[in-house]
Each structure stands twice: as C-alpha cells, then as structure tokens.
Amino acid sequence: MSQIVFLGPQRTAPTLKRTIDSLGIVGPIAAITAGWEEREPEDLELSEHLGGRTTNLRLYGRIEEVFKRDPELFEAMRERHDAMRLLQELYRQRLAHAHLAARELLSAVENNESALPDLYGPEIDHAILALRNLDAHHLKRVLAVHADFEQRMRPLERPEVMRHREELERELNGAEALCIAGGHVAILLNRLRLLGLMELWGDRPVIAWSAGAMVLSERIVLFHDSPPQGAGNAEVLEVGLGCVPGVVPLPHAKKRLRLDDGARVALFARRFAPARCVALDRESRIDWNGSELKLGAGTRVLSDCGELEGSAV
Amino acid sequence: MTLVIGELQTASQLDSAEVDAFLAENEFPIVDGTKVTFVWRGHADEVNLRHWIYSLESAMPFTCVHGTDIWFLHMELPERSRVEYKLEVIQHGRRQLLKDPLNPHLALDPFGANSVVHGEGHERPDWTLEDSEARPGTIAEHSIKSKAFGEQRDYQVYLPARFHSSRRYPLLIVHDGFDFLRFAELQTALDNLIHRLEIPPLIAALTQSPNRMHEYADDENHAKFLAGELVPEMEQLYPLVGTPSARALMGASFGAVASLSTAWRNPGVFGNLLLCSGSFAFTDIGEHQRGPAFDPIVPFVNAFRADPGRPVDKVYLSCGTYESLIYENRSMVPLLQETGMSVRWSEVRDGHNWENWRDRLREGLSWIFPGPLWMVYE
C-alpha cells in the first residue's frame, strides 16, 4: 500500500473530502459501507459529500447473495463464527482476572505516593506481560480457526465468490481511491476478507475511518471504558488485515475511553506496545505511506506514562 | 448552612433585609456533605417536611428562627440520594401541601409535581437529556379491539430512528407506557441508548390501562391481552424477531407485578423482564397490612414465591432504598437467582417515583437487550 489514511468519525463533521483533496485525487472513488449492514445502500450523504463520484461496492449485499447461493460456505462461516465466539468468551474470562491485576497495581502506584517503585515496578511489568501473553495466545487461537476454515473451504476459489470478485475487479477499474466507512467491525472485516478485496485493490490510496481503520490495522482491539454492563476491559477481537502496521486505532476515544484516567491510559499503551494506540476523534488523521506513520495536527497517542501525546509517531 | 442558620438563630435582631439577603445568597435546600437544610419563609403555625422516605417520620417538623418568619429543618441526606418532598404548611389551622417555593427543581408525575432535593454526588444521567446527535425515533398511535377486555384499547408504538422493514427488531412492552413517555423521558432514553449502541434498535409497545390497580394486579385478562392479542398484533404489523429472547415486559410498581404475572402465566412467551419498584407484597404468615389494592397481589406473589418456575431467562430488578417496597424487592432477588434466571439487581437511594424509574432505564434495558456497543464504531 502506498497511501493509507485513517480518519476519525465522519458523521457530524466530515473531513473526508478535504482529505481526498489533499491527496490530489480527482477521479472516481470506490466506497465500502458494509459495516452499516442492511443500511449499506443508504450512502447518499457520503456520495454527496464526495460530489457524487462514488461507487458503492455493496460488499454486505454481495456476501448475503453468496450465502444464499452457497449454503455450504454459509454453514462453514456460521461454524467458524460459533467457534470464535466461544474462544472470545474463554479469552474474556481469563482477561477479566489479568486485567484487574494489572489495573490494581497501576492504580496503587498512581494513588499511593509511598508505593515503592522498586517493589511495584517488576510486578506491574509482569502483570502487563501476562496480559500481552494472553492477547497473543488468543490471536494464535483465532488464527488457527481462520487457517482451518481457509484450508477446508478455500473461499476465494468458490464459484460464487469468484463471480463477485470478477464483478468487483471491473468496478474497481478506474477508481482512484477506496473509502472504507465504519460500522460493525467484525462484519466489515469478514466481508473484506471473504472477497479478498484489499488484494483486488492493490496499492492505490485508501481512506478509512472508525471501524474501517480498525480492520486495516494488524489486530482489532475492542474497547469501551464505561459500558452499561461489565468491567469495560479492552479486548483483542482478532487479527486485522494488517495493511497499516504499528498502530491501534481508537475511534471515538473521547467518548469511549476515560482519557483522564492515567492508570487506564498507561495500561492501554503498555499492553499494545510497540504499536501506538491512537485516539481517532473528529479531525484526527493518521497517514501511512508504506514505510512510516505520520500523525495529523491534534491527533493524540496514548502514552505509557498515562497521558495523551500529540507528537509525531 | 448549619452555620448560617446558627448565625440567624443567635442574632439578637434580624431585619427583613438581612433575611432577604440570606435567601438571595443561598440555593435551597442547601446540601452540605451528607446534611441538607430545608428553609421556608412565612408566617405559620407549623411547617413540616412531607416526604416518602420509608423508615423516617413522614412529617418532619421545621423550627422557626426566633423573631423571624424563617423556618428550617436539618436532616441527613446520604450521598447520591434523591428525595421528593412537599412542604406542609399549617396557617390558622388550615393545612396546605406546597411545592418548595425556594427550590426550582421539580419532578412531575401523574398527580402533579413534587420538589426534589439531590444529595451530594447525585447527577441526572446525561442520557436522559436530549442529545442533538441522537437520531430521534417516532411514536405511532394504535388501537386494538381486545377480546380479553371486551373493548377497544389504545396503545402507542415507538419505532427507532432509521427503522428498516427488512430488519428484525426486539419487542419491549411497557406498562404505563404513556406515563413513561411523559414522566420518565422514555423516548429520549431509547433514542440516546440506541444512538450510543448500548441497546439495539428496538420497537416498544406502550400500553396504558384505564384501571391499572385492577388490571395490573395479576389479572388474567391482562395477561391474555398482552400475550394473546398485543404480541400477535405487533408481530403482524412490524418486523419483530419473534422469539422469547427478543421479547421483554417492563413495568414499575403495579406495572412490575403485571409484567411478572403476565410472564408467569405465559411461560415461554417472554424472555426478559425489567421490573422497577415492584409491588411484590407477600406474607410469610397471616394477613397483609398493605390495604385492599394489594388483595389480589399477595396471593399471586405468595404462589410465585412457592413455585416460581422459570418464566423468563433474564430479569432486571430495581428498587429505591427509601421505598417501603425495598424489603419485598430485596427478598425477590435470591428467589429469582435460585431459578437459574440471569438476574441483575440494583438498589439506589431514591424513592417510588418516575425519575428513579427513568434513571434505571440504561442499566435495565442494556441488561435485557445488550446493544452492539463493543462491535460498532461508526
């Protein structure tokens, strides 16, 4: 990929048009709104914002058609979904304990001036290492499920998928940029992966926001510090498409994270290091040029000392 | 405030201007830590605080500051409390119940309004206030010819923003639904919670009984109406998921009894209950003392307690600790848990009122119908 841009949420104060202009893109644009699920076709605002030059690739609708015509694939997808859901639940159970331990230790140091750094430091390091190991273990299990599915079903070689891929290839001809909107992150990821969309797209420019950015990163981290139910432990869902390395995009960070809670911020940053955890709020922007990341003005990174930093990555 | 009142009490002479200044300089009631001071100004024989806090005297007398027309009352107010009250003012033997003229905070209910005092740390949840970013749902008027009741019944339907006929929605049936809209900001809460992804887009049927004290007190016809008439009609009119796990009954006070009774009488129809301040009166021995309105409820709750079965899979139960019903509701928790149902219990420092029930909507609705919060990033 030569040029990928991650943006914050686009609904109320879109910066997409400005971003596309900044990339010098004047031609047709392919759009993916599969994360909106059955509302996928409701893309009028997006189309108008971009001056009516978008073609919606209809990935959600296409896969629904594939499932109807290829019940064997549909059944295999459901089985994989069930297996991954169970894995996620098992991971979540273990995560609750590991996360609590790390948070309590970090909070103890933050709230207690007499906490001895020499005593607490190694315990915190080890607690975070346990979390990292657990995340890594979970990803390994998820990858094994994917590998089994790919080997058994070979989705890209199935006639219905191939037919849609051929259509997509034609639709992508001439498009100068690909826009990937947010929405349901797992559905978006599955649609992109099942159709091998990014392979079809090649190295042309991509602009993705919210869940769109998440799926292009190396691993997908779900997060919310104040959910109405549960402890609000950030969790790894699975591997992303890996188009942009070294970053964990955090859409709606201001709303979803307690960014004034130093212990939480520090834990987040240290748990996913060396990847940078970047708050993707309105006006945020991250540019990836194939070799390095560049943060837009005002775009902030969660730092391991528990603060938000705006310096370049 | 205690200090200020103390100064007023010890002052040898107070003129009207000093009292005016005292009233202008303070907000009333004055909350200071876990203490609150109520103040009333006027000539009276007696002034009392009338509240609905169970275990406290229902009329708490004010003291007059000597030589003035200022009356005050100190009382304890634990953190995060919310208390509704009125002032009982007796002048020339004539008794009046007044809203506190010095306090602008009011809570509305079907009987009018009460003054409200918030303890330290109590905040109105932001999701109960209109959010310009949240897309609003719509309310549609409906009417159904009920065989169970032998008459036409009106109800309202809440449709979420971006309603889509190709999608399937969970169904929430709300007892006292019209009142929940008027006094508990139900529509705002649904709009906001859906917008925040904390609950899924859902369809709510809002019912309102013309005789709730009878129909909500374990009435067989009411259960037939909901399970046998309203649910089928809703499923005919709207794209509903149509499974027990995607159906919920909700109610407060007698409405909670009606919800439980309807689910218990129709096992396998409803999967979820949201019960606020349920009037779950029961007896372990002898007669109940709660008055005739509870006559049909007590045998029902006794029977339910003896053999609850498992009418639904998930229950959210809440009650205010200042309510007389706290004992009955707390007693329900282990009973419900023993059935194997998933039970979420919440008790708060509040009373038997609509704002308490409003403020429970987020926790309750997200418990029975969790939204796609963790998976959707728009």
# chains A, B, ... in the order shown; residues from 1 in each chain; ligands from 1

$ closest_atom_pairs --of "chain A" --to "chain B" --cutoff "10 Å" --atoms "only C-alpha atoms" --output "JSON lines"
{"residue": "A:Gly8", "atom": "CA", "partner": "B:Glu378", "partner_atom": "CA", "distance": 9.2}
{"residue": "A:Pro9", "atom": "CA", "partner": "B:Glu378", "partner_atom": "CA", "distance": 6.3}
{"residue": "A:Gln10", "atom": "CA", "partner": "B:Glu378", "partner_atom": "CA", "distance": 7.9}
{"residue": "A:Arg11", "atom": "CA", "partner": "B:Glu378", "partner_atom": "CA", "distance": 7.8}
{"residue": "A:Thr12", "atom": "CA", "partner": "B:Glu133", "partner_atom": "CA", "distance": 7.9}
{"residue": "A:Gly35", "atom": "CA", "partner": "B:Val376", "partner_atom": "CA", "distance": 8.0}
{"residue": "A:Trp36", "atom": "CA", "partner": "B:Glu378", "partner_atom": "CA", "distance": 8.3}
{"residue": "A:Glu37", "atom": "CA", "partner": "B:Arg167", "partner_atom": "CA", "distance": 10.0}
{"residue": "A:Glu38", "atom": "CA", "partner": "B:Arg167", "partner_atom": "CA", "distance": 7.4}
{"residue": "A:Arg39", "atom": "CA", "partner": "B:His164", "partner_atom": "CA", "distance": 8.2}
{"residue": "A:Ala181", "atom": "CA", "partner": "B:Glu378", "partner_atom": "CA", "distance": 7.4}
{"residue": "A:Gly182", "atom": "CA", "partner": "B:Glu378", "partner_atom": "CA", "distance": 4.5}
{"residue": "A:Gly183", "atom": "CA", "partner": "B:Glu378", "partner_atom": "CA", "distance": 4.5}
{"residue": "A:His184", "atom": "CA", "partner": "B:Val376", "partner_atom": "CA", "distance": 4.2}
{"residue": "A:Val185", "atom": "CA", "partner": "B:Met375", "partner_atom": "CA", "distance": 5.7}
{"residue": "A:Ala186", "atom": "CA", "partner": "B:Met375", "partner_atom": "CA", "distance": 6.9}
{"residue": "A:Ile187", "atom": "CA", "partner": "B:Met375", "partner_atom": "CA", "distance": 9.0}
{"residue": "A:Leu188", "atom": "CA", "partner": "B:Val376", "partner_atom": "CA", "distance": 9.9}
{"residue": "A:Trp209", "atom": "CA", "partner": "B:Glu378", "partner_atom": "CA", "distance": 8.0}
{"residue": "A:Ser210", "atom": "CA", "partner": "B:Tyr377", "partner_atom": "CA", "distance": 5.5}
{"residue": "A:Ala211", "atom": "CA", "partner": "B:Tyr377", "partner_atom": "CA", "distance": 5.1}
{"residue": "A:Gly212", "atom": "CA", "partner": "B:Tyr377", "partner_atom": "CA", "distance": 8.5}
{"residue": "A:Ala213", "atom": "CA", "partner": "B:Tyr377", "partner_atom": "CA", "distance": 9.8}
{"residue": "A:Met214", "atom": "CA", "partner": "B:Tyr377", "partner_atom": "CA", "distance": 8.9}
{"residue": "A:Val221", "atom": "CA", "partner": "B:Trp374", "partner_atom": "CA", "distance": 9.6}
{"residue": "A:Leu222", "atom": "CA", "partner": "B:Trp374", "partner_atom": "CA", "distance": 5.9}
{"residue": "A:Phe223", "atom": "CA", "partner": "B:Trp374", "partner_atom": "CA", "distance": 6.5}
{"residue": "A:His224", "atom": "CA", "partner": "B:Trp374", "partner_atom": "CA", "distance": 7.0}
{"residue": "A:Pro227", "atom": "CA", "partner": "B:Glu198", "partner_atom": "CA", "distance": 7.6}
{"residue": "A:Pro228", "atom": "CA", "partner": "B:Glu363", "partner_atom": "CA", "distance": 5.9}
{"residue": "A:Gln229", "atom": "CA", "partner": "B:Trp367", "partner_atom": "CA", "distance": 6.8}
{"residue": "A:Gly230", "atom": "CA", "partner": "B:Trp367", "partner_atom": "CA", "distance": 9.9}
{"residue": "A:Gly232", "atom": "CA", "partner": "B:Trp374", "partner_atom": "CA", "distance": 9.5}
{"residue": "A:Ala234", "atom": "CA", "partner": "B:Trp374", "partner_atom": "CA", "distance": 9.3}
{"residue": "A:Glu235", "atom": "CA", "partner": "B:Trp374", "partner_atom": "CA", "distance": 9.4}
{"residue": "A:Leu237", "atom": "CA", "partner": "B:Met375", "partner_atom": "CA", "distance": 9.3}
{"residue": "A:Leu250", "atom": "CA", "partner": "B:Tyr377", "partner_atom": "CA", "distance": 9.1}
{"residue": "A:Pro251", "atom": "CA", "partner": "B:Tyr377", "partner_atom": "CA", "distance": 6.6}
{"residue": "A:His252", "atom": "CA", "partner": "B:Tyr377", "partner_atom": "CA", "distance": 7.6}
{"residue": "A:Lys255", "atom": "CA", "partner": "B:Arg196", "partner_atom": "CA", "distance": 9.7}
{"residue": "A:Arg256", "atom": "CA", "partner": "B:Leu373", "partner_atom": "CA", "distance": 9.7}

$ select_by_dssp --residues "stretch 120-184 of chain A" --states "strand (DSSP E)" --output "PyMOL selection string"
chain A and resi 177-180+183-184

$ write_last_selection --atoms "C-alpha atoms" --output "tab-separated table (two decimals), in the first residue's frame"
chain	number	residue	atom	x	y	z
A	177	ALA	CA	-9.30	5.90	-4.16
A	178	LEU	CA	-11.06	3.49	-1.88
A	179	CYS	CA	-13.11	4.77	1.07
A	180	ILE	CA	-13.96	2.37	3.89
A	183	GLY	CA	-19.78	0.35	11.39
A	184	HIS	CA	-19.81	-3.21	12.64

$ select_by_dssp --residues "stretch 118-202 of chain B" --states "alpha helix (DSSP H)" --output "list of chain:residue names"
B:Gly177, B:Phe178, B:Asp179, B:Phe180, B:Leu181, B:Arg182, B:Phe183, B:Leu186, B:Gln187, B:Thr188, B:Ala189, B:Leu190, B:Asp191, B:Asn192, B:Leu193, B:Ile194, B:His195

$ residues_around --residues "B:Asp176" --least-positions-apart "5" --cutoff "12 Å" --atoms "only C-alpha atoms" --output "compact mmCIF listing (two decimals) with all heavy atoms, in the first residue's frame"
# COMPACT_ATOMS: atom_id res chain seq x y z
N ASP B 109 -45.25 13.95 38.00
CA ASP B 109 -45.87 12.62 37.99
C ASP B 109 -47.35 12.79 37.67
O ASP B 109 -47.83 13.92 37.53
CB ASP B 109 -45.61 11.86 39.30
CG ASP B 109 -46.28 12.50 40.50
OD1 ASP B 109 -47.26 13.25 40.31
OD2 ASP B 109 -45.84 12.23 41.64
N PRO B 110 -48.09 11.69 37.54
CA PRO B 110 -49.50 11.82 37.13
C PRO B 110 -50.34 12.62 38.12
O PRO B 110 -51.45 13.05 37.79
CB PRO B 110 -49.97 10.36 37.07
CG PRO B 110 -48.75 9.56 36.84
CD PRO B 110 -47.67 10.28 37.58
N ASP B 154 -56.30 1.62 23.30
CA ASP B 154 -55.29 2.39 22.59
C ASP B 154 -53.90 2.02 23.10
O ASP B 154 -53.73 1.70 24.28
CB ASP B 154 -55.50 3.90 22.82
CG ASP B 154 -56.78 4.39 22.20
OD1 ASP B 154 -57.26 3.73 21.24
OD2 ASP B 154 -57.33 5.41 22.67
N TYR B 155 -52.97 2.05 22.21
CA TYR B 155 -51.58 1.90 22.62
C TYR B 155 -50.70 2.69 21.65
O TYR B 155 -51.17 3.12 20.59
CB TYR B 155 -51.15 0.43 22.71
CG TYR B 155 -51.13 -0.34 21.42
CD1 TYR B 155 -49.92 -0.56 20.75
CD2 TYR B 155 -52.28 -0.85 20.85
CE1 TYR B 155 -49.87 -1.27 19.56
CE2 TYR B 155 -52.25 -1.56 19.66
CZ TYR B 155 -51.05 -1.77 19.02
OH TYR B 155 -51.02 -2.47 17.84
N GLN B 156 -49.48 2.92 22.03
CA GLN B 156 -48.55 3.65 21.18
C GLN B 156 -47.36 2.75 20.85
O GLN B 156 -47.04 1.82 21.61
CB GLN B 156 -48.05 4.91 21.90
CG GLN B 156 -49.18 5.91 22.17
CD GLN B 156 -48.68 7.13 22.92
OE1 GLN B 156 -47.87 7.03 23.83
NE2 GLN B 156 -49.20 8.29 22.57
N LEU B 181 -43.50 7.82 28.91
CA LEU B 181 -43.12 8.86 27.95
C LEU B 181 -43.15 10.24 28.61
O LEU B 181 -42.25 11.05 28.43
CB LEU B 181 -44.08 8.87 26.76
CG LEU B 181 -43.93 7.78 25.70
CD1 LEU B 181 -44.98 7.98 24.62
CD2 LEU B 181 -42.54 7.79 25.09
N ARG B 182 -44.21 10.50 29.38
CA ARG B 182 -44.40 11.85 29.94
C ARG B 182 -43.49 12.12 31.14
O ARG B 182 -42.99 13.23 31.29
CB ARG B 182 -45.85 12.02 30.40
CG ARG B 182 -46.82 12.29 29.28
CD ARG B 182 -48.20 12.58 29.83
NE ARG B 182 -48.24 13.84 30.58
CZ ARG B 182 -49.18 14.14 31.48
NH1 ARG B 182 -50.13 13.26 31.76
NH2 ARG B 182 -49.17 15.30 32.11
N PHE B 183 -43.33 11.13 31.98
CA PHE B 183 -42.68 11.41 33.27
C PHE B 183 -41.29 10.77 33.41
O PHE B 183 -40.59 11.05 34.37
CB PHE B 183 -43.57 10.93 34.42
CG PHE B 183 -44.96 11.50 34.35
CD1 PHE B 183 -46.06 10.68 34.20
CD2 PHE B 183 -45.15 12.88 34.40
CE1 PHE B 183 -47.33 11.22 34.12
CE2 PHE B 183 -46.41 13.43 34.33
CZ PHE B 183 -47.53 12.59 34.18
N ALA B 184 -40.94 9.90 32.49
CA ALA B 184 -39.64 9.22 32.63
C ALA B 184 -38.80 9.34 31.37
O ALA B 184 -37.84 8.59 31.20
CB ALA B 184 -39.85 7.75 32.99
N LEU B 186 -38.99 8.40 28.40
CA LEU B 186 -38.69 7.11 27.77
C LEU B 186 -38.19 7.26 26.34
O LEU B 186 -37.23 6.59 25.93
CB LEU B 186 -39.92 6.19 27.80
CG LEU B 186 -39.73 4.83 27.15
CD1 LEU B 186 -38.68 4.00 27.87
CD2 LEU B 186 -41.05 4.05 27.11
N ALA B 205 -43.94 -1.30 22.49
CA ALA B 205 -45.40 -1.12 22.55
C ALA B 205 -45.72 -0.52 23.91
O ALA B 205 -45.40 -1.10 24.95
CB ALA B 205 -46.10 -2.46 22.38
N LEU B 206 -46.31 0.66 23.89
CA LEU B 206 -46.57 1.39 25.12
C LEU B 206 -48.05 1.27 25.46
O LEU B 206 -48.90 1.80 24.73
CB LEU B 206 -46.19 2.86 24.95
CG LEU B 206 -44.82 3.09 24.29
CD1 LEU B 206 -44.61 4.55 23.96
CD2 LEU B 206 -43.71 2.59 25.21
N THR B 207 -48.34 0.58 26.52
CA THR B 207 -49.74 0.36 26.89
C THR B 207 -50.09 1.25 28.07
O THR B 207 -49.21 1.69 28.83
CB THR B 207 -49.98 -1.11 27.27
OG1 THR B 207 -49.26 -1.39 28.47
CG2 THR B 207 -49.52 -2.05 26.17
N GLN B 208 -51.36 1.49 28.23
CA GLN B 208 -51.81 2.30 29.36
C GLN B 208 -53.17 1.75 29.79
O GLN B 208 -54.10 1.69 28.99
CB GLN B 208 -51.94 3.78 28.95
CG GLN B 208 -52.18 4.73 30.07
CD GLN B 208 -50.89 5.13 30.81
OE1 GLN B 208 -49.78 4.88 30.35
NE2 GLN B 208 -51.07 5.72 31.98
N SER B 209 -53.27 1.34 31.01
CA SER B 209 -54.53 0.73 31.47
C SER B 209 -55.47 1.79 32.02
O SER B 209 -55.04 2.68 32.76
CB SER B 209 -54.23 -0.29 32.57
OG SER B 209 -55.42 -0.68 33.20
N PRO B 210 -56.76 1.67 31.71
CA PRO B 210 -57.71 2.60 32.33
C PRO B 210 -57.99 2.25 33.79
O PRO B 210 -58.58 3.04 34.52
CB PRO B 210 -58.98 2.41 31.48
CG PRO B 210 -58.85 1.05 30.90
CD PRO B 210 -57.39 0.76 30.75
N ASN B 211 -57.57 1.08 34.21
CA ASN B 211 -57.81 0.66 35.59
C ASN B 211 -56.63 -0.19 36.06
O ASN B 211 -56.75 -1.40 36.24
CB ASN B 211 -59.12 -0.13 35.68
CG ASN B 211 -59.46 -0.49 37.11
OD1 ASN B 211 -58.78 -0.09 38.06
ND2 ASN B 211 -60.52 -1.28 37.28
N ARG B 212 -55.51 0.45 36.21
CA ARG B 212 -54.27 -0.29 36.47
C ARG B 212 -54.27 -1.00 37.82
O ARG B 212 -53.64 -2.04 37.97
CB ARG B 212 -53.05 0.63 36.35
CG ARG B 212 -52.95 1.71 37.39
CD ARG B 212 -51.85 2.72 37.06
NE ARG B 212 -50.50 2.18 37.09
CZ ARG B 212 -49.80 1.95 38.19
NH1 ARG B 212 -50.36 2.17 39.38
NH2 ARG B 212 -48.58 1.48 38.14
N MET B 213 -54.95 -0.41 38.81
CA MET B 213 -54.93 -1.05 40.13
C MET B 213 -55.60 -2.42 40.07
O MET B 213 -55.28 -3.31 40.85
CB MET B 213 -55.65 -0.17 41.16
CG MET B 213 -55.03 1.20 41.34
SD MET B 213 -53.28 1.11 41.81
CE MET B 213 -53.44 0.89 43.57
N GLU B 215 -56.18 -4.15 36.78
CA GLU B 215 -55.62 -4.95 35.67
C GLU B 215 -54.15 -5.32 35.87
O GLU B 215 -53.69 -6.31 35.29
CB GLU B 215 -55.79 -4.18 34.35
CG GLU B 215 -57.26 -4.07 33.93
CD GLU B 215 -57.44 -3.25 32.67
OE1 GLU B 215 -56.43 -2.77 32.10
OE2 GLU B 215 -58.60 -3.08 32.26
N TYR B 216 -53.44 -4.53 36.64
CA TYR B 216 -52.02 -4.84 36.85
C TYR B 216 -51.80 -5.75 38.05
O TYR B 216 -50.67 -6.14 38.32
CB TYR B 216 -51.22 -3.54 37.04
CG TYR B 216 -51.01 -2.73 35.78
CD1 TYR B 216 -51.54 -3.11 34.56
CD2 TYR B 216 -50.24 -1.57 35.81
CE1 TYR B 216 -51.34 -2.36 33.42
CE2 TYR B 216 -50.02 -0.81 34.66
CZ TYR B 216 -50.58 -1.21 33.47
OH TYR B 216 -50.38 -0.47 32.32
N LEU B 249 -40.99 -7.62 28.89
CA LEU B 249 -42.05 -6.89 29.57
C LEU B 249 -41.40 -5.97 30.58
O LEU B 249 -40.46 -6.36 31.27
CB LEU B 249 -42.99 -7.86 30.30
CG LEU B 249 -43.85 -8.76 29.43
CD1 LEU B 249 -44.41 -9.92 30.27
CD2 LEU B 249 -45.00 -7.96 28.83
N MET B 250 -41.95 -4.77 30.66
CA MET B 250 -41.36 -3.79 31.58
C MET B 250 -42.46 -3.08 32.34
O MET B 250 -43.54 -2.83 31.79
CB MET B 250 -40.55 -2.79 30.74
CG MET B 250 -40.16 -1.53 31.42
SD MET B 250 -39.17 -0.51 30.30
CE MET B 250 -39.70 1.10 30.83
N GLY B 251 -42.20 -2.77 33.59
CA GLY B 251 -43.17 -2.01 34.35
C GLY B 251 -42.60 -1.58 35.68
O GLY B 251 -41.59 -2.12 36.16
N ALA B 252 -43.27 -0.60 36.27
CA ALA B 252 -42.86 -0.10 37.58
C ALA B 252 -44.05 -0.19 38.53
O ALA B 252 -45.20 -0.05 38.12
CB ALA B 252 -42.39 1.35 37.46
N SER B 253 -43.74 -0.45 39.80
CA SER B 253 -44.77 -0.52 40.82
C SER B 253 -45.77 -1.64 40.49
O SER B 253 -45.36 -2.79 40.30
CB SER B 253 -45.43 0.86 40.95
OG SER B 253 -46.24 0.91 42.05
N PHE B 254 -47.06 -1.32 40.34
CA PHE B 254 -48.02 -2.35 39.94
C PHE B 254 -47.70 -2.86 38.52
O PHE B 254 -48.00 -4.00 38.19
CB PHE B 254 -49.45 -1.79 39.98
CG PHE B 254 -50.15 -2.00 41.29
CD1 PHE B 254 -49.50 -1.72 42.49
CD2 PHE B 254 -51.45 -2.47 41.35
CE1 PHE B 254 -50.14 -1.91 43.71
CE2 PHE B 254 -52.10 -2.67 42.56
CZ PHE B 254 -51.44 -2.39 43.75
N GLY B 255 -47.10 -2.00 37.71
CA GLY B 255 -46.72 -2.42 36.36
C GLY B 255 -45.68 -3.54 36.39
O GLY B 255 -45.63 -4.38 35.49
N ALA B 256 -44.85 -3.54 37.43
CA ALA B 256 -43.87 -4.62 37.56
C ALA B 256 -44.58 -5.92 37.93
O ALA B 256 -44.23 -7.00 37.45
CB ALA B 256 -42.83 -4.26 38.62
N ALA B 258 -47.64 -6.65 37.08
CA ALA B 258 -48.30 -7.08 35.85
C ALA B 258 -47.33 -7.76 34.90
O ALA B 258 -47.66 -8.75 34.24
CB ALA B 258 -48.95 -5.88 35.17
N SER B 259 -46.10 -7.24 34.84
CA SER B 259 -45.10 -7.84 33.96
C SER B 259 -44.76 -9.25 34.42
O SER B 259 -44.75 -10.20 33.62
CB SER B 259 -43.82 -6.98 33.96
OG SER B 259 -44.09 -5.69 33.49
N TRP B 354 -41.09 8.41 39.37
CA TRP B 354 -40.78 8.26 37.94
C TRP B 354 -39.34 8.58 37.60
O TRP B 354 -38.79 8.03 36.66
CB TRP B 354 -41.73 9.15 37.11
CG TRP B 354 -43.10 8.56 37.10
CD1 TRP B 354 -44.15 8.88 37.90
CD2 TRP B 354 -43.55 7.48 36.27
NE1 TRP B 354 -45.23 8.07 37.63
CE2 TRP B 354 -44.89 7.21 36.61
CE3 TRP B 354 -42.96 6.73 35.27
CZ2 TRP B 354 -45.64 6.21 36.00
CZ3 TRP B 354 -43.71 5.74 34.64
CH2 TRP B 354 -45.02 5.48 35.01
N TRP B 357 -37.31 5.57 38.23
CA TRP B 357 -37.51 4.57 37.16
C TRP B 357 -36.86 5.02 35.86
O TRP B 357 -36.31 4.22 35.12
CB TRP B 357 -39.01 4.30 37.00
CG TRP B 357 -39.63 3.86 38.30
CD1 TRP B 357 -38.98 3.20 39.31
CD2 TRP B 357 -40.95 4.12 38.76
NE1 TRP B 357 -39.84 3.01 40.36
CE2 TRP B 357 -41.06 3.56 40.06
CE3 TRP B 357 -42.07 4.75 38.23
CZ2 TRP B 357 -42.23 3.62 40.81
CZ3 TRP B 357 -43.24 4.81 38.96
CH2 TRP B 357 -43.31 4.25 40.24

$ atom_distance --atom1 "atom CA of B:Lys35" --atom2 "atom CA of B:Glu88"
20.7 Å

$ closest_residue --among "A:Leu87, A:Ala269, A:Leu257, A:Ile207" --to "A:Arg18" --atoms "only C-alpha atoms"
A:Ile207

$ atom_distance --atom1 "atom CA of A:Ser22" --atom2 "atom CA of A:Leu195"
29.4 Å
